[in-house]
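upload32.txt (compact mmCIF, C-alpha atoms)
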```txt
# COMPACT_ATOMS: atom_id res chain seq x y z
CA MET A 22 -0.71 -111.25 18.56
CA ASP A 23 2.28 -109.37 17.22
CA TRP A 24 5.44 -111.28 18.09
CA SER A 25 7.90 -108.96 16.37
CA ALA A 26 8.64 -106.89 19.50
CA VAL A 27 8.96 -109.89 21.83
CA PRO A 28 12.73 -110.54 21.37
CA ARG A 29 13.58 -106.88 22.03
CA LEU A 30 11.27 -106.73 25.09
CA THR A 31 12.74 -109.97 26.44
CA TRP A 32 16.24 -108.53 26.07
CA GLU A 33 15.16 -105.34 27.90
CA SER A 34 13.63 -107.37 30.73
CA ALA A 35 16.78 -109.47 31.00
CA TYR A 36 18.92 -106.32 31.13
CA LEU A 37 16.74 -104.61 33.77
CA GLY A 38 16.67 -107.76 35.88
CA ILE A 39 20.22 -109.07 35.62
CA VAL A 40 22.15 -105.79 35.92
CA PRO A 41 20.73 -104.82 39.36
CA ALA A 42 21.51 -108.28 40.79
CA LEU A 43 25.10 -108.11 39.49
CA ILE A 44 25.69 -104.55 40.75
CA GLY A 45 24.15 -105.69 44.03
CA LEU A 46 26.67 -108.53 44.17
CA ILE A 47 29.58 -106.16 43.47
CA ILE A 48 28.44 -103.96 46.38
CA SER A 49 27.61 -106.87 48.70
CA LEU A 50 30.93 -108.70 48.45
CA PRO A 51 33.09 -106.01 50.10
CA LEU A 52 30.22 -104.94 52.37
CA GLY A 53 29.52 -108.50 53.50
CA ILE A 54 33.22 -109.25 54.04
CA ALA A 55 33.53 -106.05 56.09
CA CYS A 56 30.49 -107.14 58.13
CA THR A 57 32.11 -110.50 58.91
CA ARG A 58 35.36 -108.85 59.95
CA PHE A 59 33.77 -106.05 61.99
CA ARG A 60 30.77 -107.67 63.67
CA TRP A 61 29.34 -104.38 64.97
CA LEU A 62 28.80 -103.25 61.38
CA TYR A 63 26.39 -106.06 60.47
CA GLY A 64 23.46 -104.87 62.63
CA PRO A 65 23.27 -101.32 61.20
CA VAL A 66 23.84 -102.56 57.61
CA LEU A 67 21.02 -105.11 57.99
CA SER A 68 18.65 -102.49 59.38
CA ALA A 69 19.44 -100.15 56.50
CA THR A 70 18.94 -102.78 53.80
CA SER A 71 15.71 -104.07 55.33
CA ILE A 72 14.27 -100.55 55.53
CA LEU A 73 15.14 -99.93 51.86
CA TYR A 74 13.56 -103.26 50.99
CA ALA A 75 10.29 -102.16 52.60
CA LEU A 76 9.80 -99.27 50.18
CA PRO A 77 7.42 -100.01 47.28
CA SER A 78 9.24 -100.13 43.93
CA LEU A 79 6.78 -97.86 42.15
CA ALA A 80 7.30 -95.11 44.75
CA LEU A 81 11.08 -95.40 44.52
CA PHE A 82 11.01 -95.11 40.72
CA ILE A 83 9.01 -91.90 41.10
CA VAL A 84 11.42 -90.47 43.68
CA LEU A 85 14.29 -90.93 41.22
CA ILE A 86 12.61 -89.43 38.14
CA PRO A 87 13.81 -85.82 38.77
CA TYR A 88 17.40 -87.08 39.01
CA THR A 89 17.73 -89.87 36.48
CA GLY A 90 14.75 -89.21 34.20
CA LEU A 91 12.69 -91.89 32.47
CA THR A 92 15.69 -94.11 31.87
CA ASP A 93 16.82 -97.63 32.72
CA THR A 94 18.85 -96.18 35.60
CA THR A 95 15.63 -95.13 37.37
CA VAL A 96 14.58 -98.79 37.47
CA ILE A 97 18.03 -100.27 38.06
CA ILE A 98 18.87 -98.24 41.21
CA PRO A 99 15.86 -99.33 43.32
CA LEU A 100 16.16 -102.96 42.18
CA THR A 101 19.86 -102.88 43.14
CA LEU A 102 18.98 -101.54 46.59
CA PHE A 103 16.37 -104.30 47.05
CA SER A 104 18.88 -106.98 46.05
CA LEU A 105 21.21 -105.93 48.92
CA CYS A 106 18.62 -107.21 51.39
CA VAL A 107 19.27 -110.83 50.28
CA LEU A 108 22.83 -110.51 48.98
CA VAL A 109 24.55 -109.00 52.05
CA PRO A 110 23.21 -111.73 54.40
CA GLY A 111 24.16 -114.23 51.68
CA VAL A 112 27.78 -113.11 51.67
CA VAL A 113 27.95 -112.95 55.47
CA ASP A 114 26.39 -116.41 55.90
CA GLY A 115 28.70 -117.72 53.20
CA MET A 116 31.78 -116.37 54.97
CA ARG A 117 30.55 -117.75 58.28
CA SER A 118 30.06 -121.17 56.71
CA VAL A 119 33.85 -121.53 56.40
CA PRO A 120 34.87 -124.01 59.12
CA ASP A 121 37.40 -122.63 61.58
CA PRO A 122 39.86 -125.54 61.15
CA VAL A 123 39.98 -124.76 57.40
CA ARG A 124 40.78 -121.15 58.13
CA GLN A 125 43.45 -122.14 60.65
CA ALA A 126 44.97 -124.62 58.21
CA ALA A 127 45.26 -121.87 55.57
CA THR A 128 46.98 -119.60 58.08
CA ALA A 129 49.29 -122.42 59.15
CA MET A 130 50.28 -122.95 55.50
CA GLY A 131 51.42 -119.35 55.47
CA PHE A 132 48.48 -117.77 53.61
CA GLY A 133 48.13 -114.05 54.24
CA THR A 134 44.72 -112.45 54.84
CA VAL A 135 44.06 -111.57 51.22
CA ARG A 136 45.23 -114.85 49.76
CA ARG A 137 43.23 -116.79 52.35
CA LEU A 138 40.16 -114.75 51.43
CA VAL A 139 40.49 -115.26 47.69
CA GLN A 140 41.71 -118.85 47.58
CA VAL A 141 40.01 -120.39 50.61
CA GLU A 142 37.14 -118.43 52.13
CA LEU A 143 35.37 -117.09 49.02
CA PRO A 144 35.37 -120.43 47.16
CA ILE A 145 33.79 -122.11 50.19
CA ALA A 146 31.23 -119.29 50.43
CA VAL A 147 30.21 -119.61 46.76
CA PRO A 148 27.15 -121.90 47.14
CA ILE A 149 25.47 -119.67 49.74
CA VAL A 150 26.35 -116.43 47.91
CA ILE A 151 24.88 -117.84 44.68
CA ALA A 152 21.74 -118.96 46.50
CA GLY A 153 21.27 -115.30 47.46
CA LEU A 154 22.04 -114.16 43.93
CA ARG A 155 19.39 -116.52 42.51
CA VAL A 156 16.73 -115.00 44.73
CA ALA A 157 17.85 -111.45 43.94
CA MET A 158 17.88 -112.03 40.18
CA VAL A 159 14.52 -113.79 39.97
CA SER A 160 12.82 -111.05 41.98
CA SER A 161 14.37 -108.18 40.06
CA ILE A 162 13.41 -109.74 36.70
CA SER A 163 9.78 -109.91 37.76
CA LEU A 164 9.83 -106.50 39.49
CA ALA A 165 11.34 -104.78 36.45
CA SER A 166 7.94 -105.09 34.74
CA VAL A 167 6.55 -102.47 37.15
CA GLY A 168 8.91 -99.97 35.48
CA GLN A 169 6.54 -100.07 32.51
CA LEU A 170 4.10 -97.95 34.53
CA ILE A 171 6.55 -95.04 34.34
CA GLY A 172 7.33 -95.88 30.70
CA VAL A 173 10.57 -97.86 31.02
CA SER A 174 10.17 -100.57 28.43
CA SER A 175 10.36 -104.31 29.20
CA LEU A 176 8.11 -107.36 28.87
CA GLY A 177 5.85 -105.35 31.17
CA TYR A 178 4.82 -103.57 27.97
CA LEU A 179 2.85 -106.62 26.86
CA ILE A 180 1.01 -106.69 30.21
CA VAL A 181 0.10 -102.99 30.10
CA ASP A 182 -0.78 -103.01 26.41
CA GLY A 183 -2.82 -106.20 26.79
CA TYR A 184 -4.75 -104.63 29.64
CA GLN A 185 -5.44 -101.42 27.75
CA ARG A 186 -6.67 -103.33 24.71
CA ASP A 187 -8.48 -105.95 26.81
CA PHE A 188 -6.44 -108.64 25.08
CA ALA A 189 -5.66 -111.46 27.53
CA MET A 190 -3.35 -113.37 25.16
CA GLU A 191 -0.80 -110.55 25.24
CA ILE A 192 -0.79 -110.60 29.06
CA TYR A 193 -0.24 -114.39 29.10
CA VAL A 194 2.70 -113.98 26.74
CA GLY A 195 4.18 -111.08 28.76
CA GLY A 196 3.74 -112.80 32.13
CA GLY A 197 4.81 -116.18 30.75
CA PHE A 198 8.00 -114.81 29.20
CA ILE A 199 8.91 -113.02 32.44
CA ILE A 200 8.52 -116.23 34.44
CA ALA A 201 10.42 -118.23 31.79
CA LEU A 202 13.23 -115.67 31.73
CA ALA A 203 13.49 -115.78 35.53
CA LEU A 204 13.66 -119.61 35.47
CA VAL A 205 16.34 -119.63 32.76
CA CYS A 206 18.50 -117.17 34.72
CA ASP A 207 17.98 -119.25 37.85
CA LEU A 208 19.12 -122.36 35.99
CA VAL A 209 22.19 -120.59 34.61
CA LEU A 210 23.19 -119.58 38.15
CA VAL A 211 22.84 -123.19 39.34
CA LEU A 212 25.19 -124.24 36.53
CA VAL A 213 27.64 -121.46 37.42
CA ARG A 214 27.65 -122.70 40.98
CA ARG A 215 28.49 -126.24 39.79
CA LEU A 216 31.29 -124.96 37.57
CA LEU A 217 32.78 -122.82 40.36
CA THR A 218 32.60 -125.53 43.00
CA PRO A 219 33.12 -128.88 41.23
CA TRP A 220 34.09 -130.52 44.54
CA GLN A 221 30.62 -129.89 45.96
CA PRO A 222 27.83 -132.47 45.70
CA ARG A 223 25.22 -131.62 43.07
CA ARG A 224 22.85 -130.20 45.58
CA SER A 225 24.70 -129.03 48.64
CA ARG A 226 23.10 -128.76 52.03
CA GLY A 227 24.32 -125.24 52.67
CA GLU A 228 22.76 -124.10 49.43
CA ALA A 229 19.37 -125.65 50.19
CA LYS A 230 19.41 -124.06 53.61
CA ALA A 231 20.43 -120.69 52.20
CA LEU A 232 17.63 -120.84 49.65
CA ALA A 233 15.16 -121.56 52.43
CA ALA A 234 16.51 -118.58 54.33
CA ALA A 235 16.56 -116.33 51.30
CA ALA A 236 12.98 -117.28 50.50
CA ALA A 237 12.06 -115.16 53.49
CA PRO A 238 14.24 -112.14 52.79
CA THR A 239 15.38 -111.07 56.21
CA ALA A 240 14.64 -114.27 58.09
CA MET A 241 18.12 -115.43 58.95
CA ALA A 242 19.26 -111.95 59.81
CA VAL A 243 16.90 -111.64 62.72
CA ALA A 244 16.95 -115.30 63.65
CA ARG A 245 20.53 -115.21 64.79
CA MET B 6 13.61 -78.95 41.07
CA SER B 7 14.12 -81.84 43.44
CA PHE B 8 11.63 -84.58 44.27
CA PHE B 9 10.83 -82.98 47.61
CA SER B 10 10.05 -79.54 46.23
CA PHE B 11 7.66 -81.10 43.69
CA ALA B 12 5.99 -83.09 46.45
CA TRP B 13 5.87 -80.13 48.81
CA ASN B 14 4.35 -77.77 46.24
CA TRP B 15 1.61 -80.28 45.64
CA LEU B 16 0.77 -81.27 49.18
CA LYS B 17 0.72 -77.72 50.59
CA GLN B 18 -2.34 -76.96 48.45
CA PRO B 19 -5.36 -77.08 50.78
CA GLN B 20 -7.57 -78.96 48.28
CA GLN B 21 -5.37 -82.04 48.58
CA TRP B 22 -6.49 -82.47 52.17
CA HIS B 23 -10.26 -82.50 51.73
CA GLY B 24 -12.97 -84.62 50.19
CA SER B 25 -13.11 -88.20 48.92
CA GLY B 26 -9.87 -87.85 46.94
CA GLY B 27 -8.03 -86.08 49.76
CA ILE B 28 -4.84 -87.39 51.34
CA PRO B 29 -6.40 -88.50 54.68
CA ILE B 30 -9.04 -90.60 52.88
CA ARG B 31 -6.45 -92.10 50.53
CA ILE B 32 -4.24 -93.08 53.48
CA LEU B 33 -7.20 -94.76 55.20
CA GLU B 34 -8.08 -96.57 51.97
CA GLN B 35 -4.54 -97.85 51.58
CA LEU B 36 -4.49 -99.03 55.21
CA TYR B 37 -7.86 -100.72 54.77
CA TYR B 38 -6.90 -102.64 51.60
CA SER B 39 -3.51 -103.66 52.97
CA GLY B 40 -4.83 -104.48 56.44
CA LEU B 41 -7.67 -106.63 55.13
CA ALA B 42 -5.40 -108.53 52.73
CA LEU B 43 -2.73 -109.08 55.40
CA LEU B 44 -5.35 -110.28 57.90
CA ILE B 45 -6.71 -112.87 55.46
CA ALA B 46 -3.20 -113.94 54.45
CA ALA B 47 -2.25 -114.31 58.13
CA LEU B 48 -5.39 -116.30 58.97
CA ILE B 49 -4.43 -118.78 56.25
CA ALA B 50 -0.64 -118.81 56.56
CA VAL B 51 -0.01 -118.66 60.34
CA PRO B 52 -1.97 -121.82 61.32
CA LEU B 53 -0.71 -123.66 58.23
CA GLY B 54 2.89 -122.60 58.98
CA ILE B 55 2.59 -123.75 62.61
CA LEU B 56 1.19 -127.10 61.42
CA ILE B 57 4.03 -127.56 58.90
CA GLY B 58 6.70 -126.48 61.36
CA HIS B 59 5.30 -128.70 64.14
CA THR B 60 4.93 -131.85 62.04
CA GLY B 61 7.92 -131.21 59.78
CA ARG B 62 5.84 -132.27 56.76
CA GLY B 63 5.69 -130.17 53.63
CA ALA B 64 8.66 -127.95 54.53
CA VAL B 65 10.39 -128.55 51.18
CA LEU B 66 7.17 -127.77 49.34
CA VAL B 67 6.84 -124.45 51.20
CA VAL B 68 10.36 -123.37 50.27
CA ASN B 69 9.79 -124.24 46.61
CA ILE B 70 6.48 -122.40 46.48
CA ALA B 71 8.08 -119.35 48.09
CA ASN B 72 10.87 -119.34 45.51
CA ALA B 73 8.59 -119.80 42.53
CA TRP B 74 6.32 -117.07 43.85
CA ARG B 75 9.10 -114.49 43.42
CA ALA B 76 9.04 -114.99 39.67
CA ILE B 77 5.35 -114.08 39.35
CA PRO B 78 5.02 -110.53 38.03
CA THR B 79 2.60 -108.70 40.31
CA LEU B 80 1.38 -106.47 37.53
CA ALA B 81 0.39 -109.44 35.35
CA LEU B 82 -1.54 -111.04 38.21
CA LEU B 83 -3.51 -107.86 38.93
CA VAL B 84 -4.25 -107.14 35.30
CA LEU B 85 -5.29 -110.71 34.45
CA LEU B 86 -7.75 -110.98 37.32
CA THR B 87 -9.29 -107.67 36.29
CA ILE B 88 -9.71 -108.89 32.73
CA TRP B 89 -11.21 -112.20 33.92
CA LEU B 90 -13.51 -110.82 36.62
CA GLY B 91 -13.94 -107.17 35.73
CA PHE B 92 -12.88 -104.70 38.40
CA SER B 93 -14.28 -106.13 41.64
CA VAL B 94 -13.20 -106.81 45.21
CA LEU B 95 -11.76 -110.18 44.16
CA ALA B 96 -9.65 -108.64 41.39
CA TRP B 97 -7.48 -106.78 43.88
CA LEU B 98 -7.98 -108.81 47.07
CA VAL B 99 -6.89 -112.16 45.59
CA PRO B 100 -3.48 -110.93 44.30
CA LEU B 101 -2.80 -109.05 47.54
CA VAL B 102 -3.56 -112.13 49.65
CA VAL B 103 -1.71 -114.50 47.32
CA LEU B 104 1.43 -112.32 47.47
CA GLY B 105 1.19 -111.90 51.23
CA ILE B 106 0.97 -115.62 52.07
CA PRO B 107 4.43 -117.04 51.09
CA PRO B 108 6.65 -114.87 53.34
CA ILE B 109 4.38 -115.52 56.33
CA LEU B 110 4.22 -119.25 55.62
CA VAL B 111 7.99 -119.64 55.22
CA ASN B 112 8.89 -117.65 58.32
CA VAL B 113 6.30 -119.25 60.58
CA SER B 114 7.14 -122.81 59.52
CA GLU B 115 10.90 -122.17 59.72
CA GLY B 116 10.45 -120.52 63.11
CA VAL B 117 8.43 -123.37 64.59
CA ALA B 118 10.60 -126.06 62.97
CA GLY B 119 13.71 -124.35 64.36
CA VAL B 120 12.68 -124.66 68.02
CA ASP B 121 15.43 -126.37 70.00
CA PRO B 122 14.64 -130.15 70.16
CA GLU B 123 15.71 -130.23 73.81
CA LEU B 124 13.08 -127.62 74.54
CA ARG B 125 10.45 -129.78 72.86
CA ASP B 126 11.58 -132.81 74.86
CA ALA B 127 11.42 -130.79 78.06
CA ALA B 128 7.88 -129.64 77.22
CA ARG B 129 6.85 -133.25 76.62
CA GLY B 130 8.72 -134.32 79.72
CA VAL B 131 6.75 -132.06 82.05
CA GLY B 132 3.56 -133.64 80.68
CA MET B 133 2.34 -131.09 78.16
CA THR B 134 -0.14 -132.27 75.54
CA PRO B 135 0.84 -131.63 71.89
CA TRP B 136 -1.51 -128.64 71.81
CA GLN B 137 0.10 -127.20 74.96
CA GLN B 138 3.55 -127.75 73.48
CA VAL B 139 2.57 -125.71 70.44
CA ARG B 140 0.79 -122.98 72.34
CA LYS B 141 3.07 -122.55 75.35
CA VAL B 142 6.49 -123.41 73.91
CA GLU B 143 6.80 -123.52 70.14
CA VAL B 144 4.77 -120.43 69.23
CA PRO B 145 6.34 -118.15 71.87
CA VAL B 146 9.86 -119.29 70.94
CA ALA B 147 9.13 -118.83 67.23
CA MET B 148 7.58 -115.39 67.84
CA PRO B 149 10.46 -113.30 66.41
CA LEU B 150 10.17 -115.13 63.09
CA ILE B 151 6.36 -115.09 63.12
CA VAL B 152 6.37 -111.31 63.50
CA LEU B 153 9.09 -111.04 60.84
CA GLY B 154 6.92 -113.07 58.46
CA LEU B 155 3.97 -110.75 59.05
CA ARG B 156 6.24 -107.75 58.53
CA THR B 157 7.59 -109.08 55.25
CA GLY B 158 4.07 -110.00 54.14
CA ALA B 159 2.99 -106.44 54.94
CA ILE B 160 5.80 -105.06 52.74
CA PHE B 161 4.53 -107.00 49.73
CA VAL B 162 0.89 -106.22 50.41
CA VAL B 163 1.50 -102.47 50.74
CA ALA B 164 3.65 -102.39 47.60
CA THR B 165 1.11 -104.38 45.59
CA ALA B 166 -1.78 -102.24 46.83
CA THR B 167 0.09 -99.22 45.43
CA ILE B 168 0.47 -100.87 42.02
CA ALA B 169 -3.19 -101.95 42.13
CA ALA B 170 -4.16 -98.31 41.56
CA TYR B 171 -3.39 -99.15 37.95
CA ILE B 172 -6.44 -101.43 37.76
CA GLY B 173 -8.61 -98.82 39.48
CA LEU B 174 -8.11 -99.40 43.20
CA GLY B 175 -8.19 -96.33 45.48
CA GLY B 176 -5.47 -95.55 48.01
CA LEU B 177 -2.25 -93.59 47.65
CA GLY B 178 -1.28 -95.28 44.39
CA ARG B 179 -4.15 -93.30 42.78
CA TYR B 180 -2.08 -90.11 42.93
CA ILE B 181 0.81 -91.84 41.18
CA ILE B 182 -1.26 -93.40 38.40
CA ASP B 183 -3.56 -90.38 37.88
CA GLY B 184 -0.65 -87.95 38.01
CA LEU B 185 1.32 -89.99 35.46
CA ALA B 186 -1.71 -90.06 33.15
CA VAL B 187 -1.86 -86.25 32.98
CA SER B 188 1.92 -85.67 33.39
CA ASN B 189 1.44 -83.84 36.68
CA TYR B 190 4.69 -84.74 38.38
CA GLY B 191 3.79 -82.81 41.55
CA GLU B 192 0.85 -85.12 42.22
CA VAL B 193 2.94 -88.21 41.38
CA ALA B 194 5.70 -87.09 43.75
CA GLY B 195 3.23 -86.27 46.53
CA GLY B 196 1.69 -89.74 46.21
CA ALA B 197 5.10 -91.44 46.19
CA LEU B 198 6.19 -89.49 49.28
CA PHE B 199 3.16 -90.66 51.23
CA VAL B 200 3.62 -94.26 50.03
CA VAL B 201 7.19 -94.17 51.34
CA LEU B 202 6.09 -92.64 54.67
CA LEU B 203 3.33 -95.24 55.03
CA ALA B 204 5.75 -98.10 54.29
CA LEU B 205 8.12 -96.75 56.96
CA ALA B 206 5.25 -96.40 59.45
CA VAL B 207 4.23 -100.02 58.80
CA GLN B 208 7.82 -101.12 59.53
CA ALA B 209 7.87 -99.12 62.75
CA PHE B 210 4.52 -100.65 63.73
CA PHE B 211 5.86 -104.19 63.30
CA MET B 212 9.00 -103.37 65.27
CA GLY B 213 6.66 -102.30 68.07
CA VAL B 214 4.67 -105.54 67.70
CA ARG B 215 7.91 -107.50 67.93
CA ARG B 216 8.87 -105.74 71.13
CA ALA B 217 5.44 -106.47 72.63
CA ALA B 218 4.98 -110.04 71.39
CA VAL B 219 8.40 -111.58 71.91
CA PRO B 220 8.74 -113.18 75.37
CA LYS B 221 11.17 -111.52 77.78
CA GLY B 222 13.50 -114.51 78.09
CA LEU B 223 13.99 -114.65 74.34
CA ARG B 224 14.81 -110.96 74.09
CA GLN B 225 17.74 -111.27 76.49
CA GLN B 226 19.00 -114.27 74.57
CA GLY B 227 18.87 -112.19 71.40
CA ARG B 228 20.98 -109.49 72.93
CA ALA B 229 23.64 -111.92 74.14
CA SER B 230 24.13 -113.63 70.78
```

Reformat the file's structure so that it appears as structure tokens.
Amino acid sequence: MDWSAVPRLTWESAYLGIVPALIGLIISLPLGIACTRFRWLYGPVLSATSILYALPSLALFIVLIPYTGLTDTTVIIPLTLFSLCVLVPGVVDGMRSVPDPVRQAATAMGFGTVRRLVQVELPIAVPIVIAGLRVAMVSSISLASVGQLIGVSSLGYLIVDGYQRDFAMEIYVGGGFIIALALVCDLVLVLVRRLLTPWQPRRSRGEAKALAAAAAPTAMAVAR
Amino acid sequence: MSFFSFAWNWLKQPQQWHGSGGIPIRILEQLYYSGLALLIAALIAVPLGILIGHTGRGAVLVVNIANAWRAIPTLALLVLLTIWLGFSVLAWLVPLVVLGIPPILVNVSEGVAGVDPELRDAARGVGMTPWQQVRKVEVPVAMPLIVLGLRTGAIFVVATATIAAYIGLGGLGRYIIDGLAVSNYGEVAGGALFVVLLALAVQAFFMGVRRAAVPKGLRQQGRAS
């Protein structure tokens, strides 16, 4: 077993997994906030994200090849689109979790719309948004390995190479590192949540509920 | 050239539509693999999910399994089973079923657990046995989530069946893997186009199922909220 490439491959997997979830978050925040403000928007946005989510990753990579070539971008775009399916409902549920009296109190104290959003609503929404982000990041880290089939390098290389050489050890290492990487990122996000919301109990109820909901990607969306 | 012109140039050739490697056969293969795997996953996950949702036991475990399951790289699972067992029915069927179970299990158990307690009390109050409560009240009320679970399970199964072409499975993924091997982008694009169309058709199918399976009373409620 040649370990020399493992650090580089791990870095590539981390990059291909983390970047889509973060871009997804950057898109979802304004989109989710818009969906809370204009309720009619949420239905169409949800339908669009759930249809995108249904498309197999391998097929989407192929569709993009003529436009973005065999580059990281070809893997990052589909994974970003998939992440929207959990992140947009995460932001919307987070915003809806703000109790009305809190909102009214902020208004009564003379907060304008923007200040109320930044200083009151978003901080309260953090646990649920991060629950969505955890799901999005873990899935994109593991999905990124499929990019290896079109030649975009990641820990998926060890899986494909191990298969071609009939060498199981390499596949264990590749698969094991992907799972470990996903768990480390998940842990980091839990810590970020604690740092951002020190007033929350260690394991908040909203977060647990959001994780349950996010476990089944579009569950909450249709349930309500 | 754009993706569509590549795909079009490939699929307009008559030879793609005939024989054992033709598009119609590949579509049927893909539907067969995915359908079989989803059926087995549903037979395991739906009753188990109803049991967990009804009794309220094991709900935390289900959520944790579903979250951990996301981290498992599909490709590694497929490739490992092939190395262990050689290419056989089990090598592709086991990963497909394993990946299809969690979304069904989570949605069904959440759906049944989420039934209004007053509704449960009413069902008990009119003298229904526990079995009748499940069959006549809890399952129909949970139907939107049960169908959603099956739909989400189908998404994963179809996507994984496509990747399984890499270990030698037939179906539409064959075009992608074979085309990549010989750098024939037309074939790859044609395969990807049909995979996308099939995935969309599966979604449309489950929306139809939802319309048919969800009780009338519930549908109106959905519109009001």

**OP:** Pull out every residue of chain B sitting within 6 Å of chain A, counting only C-alpha atoms, and send them as a PyMOL selection string.
**Re:** chain B and resi 8+68+71-72+75-76+78+81+108+160+164+197+201+204

Neighbouring residues of Leu203 in chain B were defined as those with any atom within 12 Å, considering only C-alpha atoms; residues of the same chain fewer than 6 positions away were excluded. Please report them as a PDB file with C-alpha atoms, in the frame of the given file.
```
ATOM      1  CA  ALA A  75      10.290-102.160  52.600  1.00  0.00           C
ATOM      2  CA  LEU A  76       9.800 -99.270  50.180  1.00  0.00           C
ATOM      3  CA  PRO A  77       7.420-100.010  47.280  1.00  0.00           C
ATOM      4  CA  ALA A  80       7.300 -95.110  44.750  1.00  0.00           C
TER       5      ALA A  80
ATOM      6  CA  ILE B  28      -4.840 -87.390  51.340  1.00  0.00           C
ATOM      7  CA  PRO B  29      -6.400 -88.500  54.680  1.00  0.00           C
ATOM      8  CA  ARG B  31      -6.450 -92.100  50.530  1.00  0.00           C
ATOM      9  CA  ILE B  32      -4.240 -93.080  53.480  1.00  0.00           C
ATOM     10  CA  LEU B  33      -7.200 -94.760  55.200  1.00  0.00           C
ATOM     11  CA  GLU B  34      -8.080 -96.570  51.970  1.00  0.00           C
ATOM     12  CA  GLN B  35      -4.540 -97.850  51.580  1.00  0.00           C
ATOM     13  CA  LEU B  36      -4.490 -99.030  55.210  1.00  0.00           C
ATOM     14  CA  SER B  39      -3.510-103.660  52.970  1.00  0.00           C
ATOM     15  CA  ALA B 159       2.990-106.440  54.940  1.00  0.00           C
ATOM     16  CA  ILE B 160       5.800-105.060  52.740  1.00  0.00           C
ATOM     17  CA  VAL B 163       1.500-102.470  50.740  1.00  0.00           C
ATOM     18  CA  ALA B 164       3.650-102.390  47.600  1.00  0.00           C
ATOM     19  CA  ALA B 166      -1.780-102.240  46.830  1.00  0.00           C
ATOM     20  CA  THR B 167       0.090 -99.220  45.430  1.00  0.00           C
ATOM     21  CA  GLY B 176      -5.470 -95.550  48.010  1.00  0.00           C
ATOM     22  CA  LEU B 177      -2.250 -93.590  47.650  1.00  0.00           C
ATOM     23  CA  GLY B 178      -1.280 -95.280  44.390  1.00  0.00           C
ATOM     24  CA  GLY B 196       1.690 -89.740  46.210  1.00  0.00           C
ATOM     25  CA  ALA B 197       5.100 -91.440  46.190  1.00  0.00           C
ATOM     26  CA  ALA B 209       7.870 -99.120  62.750  1.00  0.00           C
ATOM     27  CA  PHE B 210       4.520-100.650  63.730  1.00  0.00           C
TER      28      PHE B 210
END
```

**OP:** Provide the CA of Leu98 in chain B to CA of Leu110 in chain B distance in Å, to one decimal place.
**Re:** 18.2 Å

**OP:** Please measure the separation of CA of Ala147 in chain B and CA of Gln208 in chain B, giving the value in Å to one decimal.
**Re:** 19.4 Å

**OP:** Tell me, in Å to one decimal, how far CA of Leu154 in chain A is from CA of Val152 in chain B.
**Re:**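 Distance between the two atoms: 25.2 Å.
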
Original post:
Which residue out of A:Ser49, A:Val135, A:Leu210, A:Ala42 has the minimum interatomic distance to Thr70 in chain A when all atoms listed in the file are used?
Top reply: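 Using all atoms listed in the file, the shortest distance to Thr70 in chain A belongs to A:Ser49.
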
Subject >> Counting only C-alpha atoms, the residue of B:Gly24, B:Gly158, B:Pro149, B:Gly191 that sits nearest Val214 in chain B >> reply: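 For Val214 in chain B, the nearest of the candidates is B:Pro149.
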
Let me know the centre plus edge lengths, in Å and rounded to one decimal, of a box with edges along x, y and z that contains all listed atoms of range 41-46 of chain B and is padded by 3 Å on every side, as lines of an AutoDock Vina configuration file.
```
center_x = -5.2
center_y = -110.3
center_z = 55.3
size_x = 10.9
size_y = 13.3
size_z = 11.2
```

**OP:** Using all atoms listed in the file, determine which residues lie at most 7 Å from Ser34 in chain A, disregarding the query and same-chain residues fewer than 3 positions distant; provide the list as a PyMOL selection string.
**Re:** chain A and resi 30-31+37-38+162+165+175-176
